[in-house]
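Q: Dropping a structure here in structure tokens format, bear with me for questions.
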Amino acid sequence: MKTLILAFTLTLLSSYHAHSQTQEYEYSCGEDKATIYWNESREGNLIYLKTIQGSEINKYVLNSDYQTVSWEYSNQDKGTNIKVILENGIYRINGILKSKSYSKTYKSNGVPWFQNIGFNIGYSIKKKPTFRFECIRPDNLKLYEMQADGKKVIVRNGIREQRINVHLTGILSKFFGCDYYVDLVSGQFIQYKGVQGAPGTPETIITIKK
């Protein structure tokens, strides 16, 4: 589930003013450490987000409500280059998965598509303390419904942070859950904590680099 959590947010700026801004995050899972680079730009009513972590590159297009419109994922080391577009409630996936041609469609359940969870979640939690959304897992390209639940707000380094628990829904809820921490004022992602593997797997922690 590592790439599910590659989803973070930058300070809200005018959607009618084109600009570009880069933020770095520190990734840690046991002895595995890396820097994640996020670049956000805006043009008209669309938001363009690009993230890079090693050989993984994600490109997202989002609307002004922070809902995903399209997503491109490439990982040269794994022979994967995929593009997903959501049109009229249908996800259309095409490209190369693990060096093999891949094409598939899914029907949306009608909830928003938040492919980059962290980028969306800080703004969405302001509207509702609990909400559901859809996300596609990059390693197997399966569509999952997830739920975000707002938890306790704490003050740390002068910032009011809200913990948001994200988990799968239904009978799958027992198999995956994680916590995001966001700046309650700006909506900016601050930290992620979660175990993405079998029992004994080290906790993954992602923290904004100041």
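Chain labels follow the order of the structure tokens: the first chain is A, the next B, and so on; residue numbering restarts at 1 in every chain, and ligands are counted from 1 in their shown order.
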Skip region 112-122 of chain A itself and residues of its chain fewer than 3 positions away, then list as number ranges by chain all residues within 10 Å of it, counting only C-alpha atoms.

A: A: 3-11, 49, 51, 58-62, 65-71, 86, 91, 108-109, 125-127, 131-138, 143, 145-146, 148, 150, 162-164, 166, 180-192

Q: Where does DSSP see strand (DSSP E or B) in region 9-197 of chain A, if you list the residues as a count of residues only?

A: 116

Q: My list of candidates is A:Arg42, A:Arg92, A:Lys50, A:Lys107. Which is closest to Gln23 (chain A) when distances are computed with only C-alpha atoms?

A: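 Selected residue with least distance to Gln23 (chain A): A:Lys50.
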
Q: In region 97-158 of chain A, what's alpha helix (DSSP H) per DSSP? Answer as a list in words?

A: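 Put together, the selection reads Ile117, Gly118, Phe119, Asn120, Ile121, Gly122, Tyr123, Ser124, Ile125, Lys126 and Lys127 of chain A.
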
Q: Between A:Val155, A:Ala198, A:Val84, A:Leu46, which has the minimum distance to Lys142 (chain A) (counting only C-alpha atoms)?

A: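 Once distances to Lys142 (chain A) are computed over only C-alpha atoms, the minimum belongs to A:Val84.
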
Q: Kindly indicate which residue among A:Lys152, A:Ile206, A:Gly89, A:Ile52 lies nearest to Tyr37 (chain A), using only C-alpha atoms for the distances.

A: A:Ile52

Q: Pick out the residues sitting within 6 Å of Glu40 (chain A), and hand them over as a PyMOL selection string; count only C-alpha atoms, and ignore anything fewer than 6 positions along from it in its own chain.

A: chain A and resi 20-21+48-49

Q: Using only C-alpha atoms, find the one residue out of A:Ile96, A:Ile208, A:Leu168, A:Ile159 that sits nearest to Gln76 (chain A).

A: A:Ile96

Q: With a distance cut-off of 6 Å and only C-alpha atoms, select the neighbouring residues of Asn165 (chain A), excluding the residue or stretch itself and same-chain residues fewer than 4 positions from it, and output the selection as a list in words.

A: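 Skipping anything fewer than 4 positions along the chain leaves Ala148, Asp149, Cys178 and Asp179 of chain A.
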
Q: Using all heavy atoms, can you export the residues from the last selection as a PDB file, in the first residue's frame?

A:
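The resulting file, selection_24.pdb, is reproduced below:
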ATOM      1  N   ALA A 148     -12.582   8.370   5.670  1.00  0.00           N
ATOM      2  CA  ALA A 148     -11.755   9.248   6.499  1.00  0.00           C
ATOM      3  C   ALA A 148     -12.581   9.716   7.684  1.00  0.00           C
ATOM      4  O   ALA A 148     -13.709  10.190   7.517  1.00  0.00           O
ATOM      5  CB  ALA A 148     -11.277  10.448   5.685  1.00  0.00           C
ATOM      6  N   ASP A 149     -12.020   9.576   8.893  1.00  0.00           N
ATOM      7  CA  ASP A 149     -12.700   9.985  10.122  1.00  0.00           C
ATOM      8  C   ASP A 149     -11.838  10.996  10.864  1.00  0.00           C
ATOM      9  O   ASP A 149     -10.705  10.695  11.259  1.00  0.00           O
ATOM     10  CB  ASP A 149     -12.951   8.779  11.035  1.00  0.00           C
ATOM     11  CG  ASP A 149     -13.825   7.722  10.376  1.00  0.00           C
ATOM     12  OD1 ASP A 149     -14.789   8.103   9.696  1.00  0.00           O
ATOM     13  OD2 ASP A 149     -13.536   6.515  10.543  1.00  0.00           O
ATOM     14  N   CYS A 178      -4.624   3.876   8.634  1.00  0.00           N
ATOM     15  CA  CYS A 178      -3.459   4.734   8.829  1.00  0.00           C
ATOM     16  C   CYS A 178      -3.933   6.095   9.327  1.00  0.00           C
ATOM     17  O   CYS A 178      -5.135   6.394   9.316  1.00  0.00           O
ATOM     18  CB  CYS A 178      -2.664   4.883   7.532  1.00  0.00           C
ATOM     19  SG  CYS A 178      -3.632   5.601   6.182  1.00  0.00           S
ATOM     20  N   ASP A 179      -2.990   6.922   9.757  1.00  0.00           N
ATOM     21  CA  ASP A 179      -3.319   8.248  10.273  1.00  0.00           C
ATOM     22  C   ASP A 179      -2.601   9.330   9.488  1.00  0.00           C
ATOM     23  O   ASP A 179      -1.402   9.233   9.213  1.00  0.00           O
ATOM     24  CB  ASP A 179      -2.908   8.376  11.744  1.00  0.00           C
ATOM     25  CG  ASP A 179      -3.824   7.593  12.674  1.00  0.00           C
ATOM     26  OD1 ASP A 179      -5.007   7.435  12.341  1.00  0.00           O
ATOM     27  OD2 ASP A 179      -3.341   7.140  13.730  1.00  0.00           O
TER      28      ASP A 179
END

Q: I'd like the contact shell of Gln53 (chain A) - 8 Å cut-off, only C-alpha atoms, skipping same-chain residues fewer than 2 positions apart - returned as an MDAnalysis selection string.

A: chainID A and resid 34:37 51 55:57
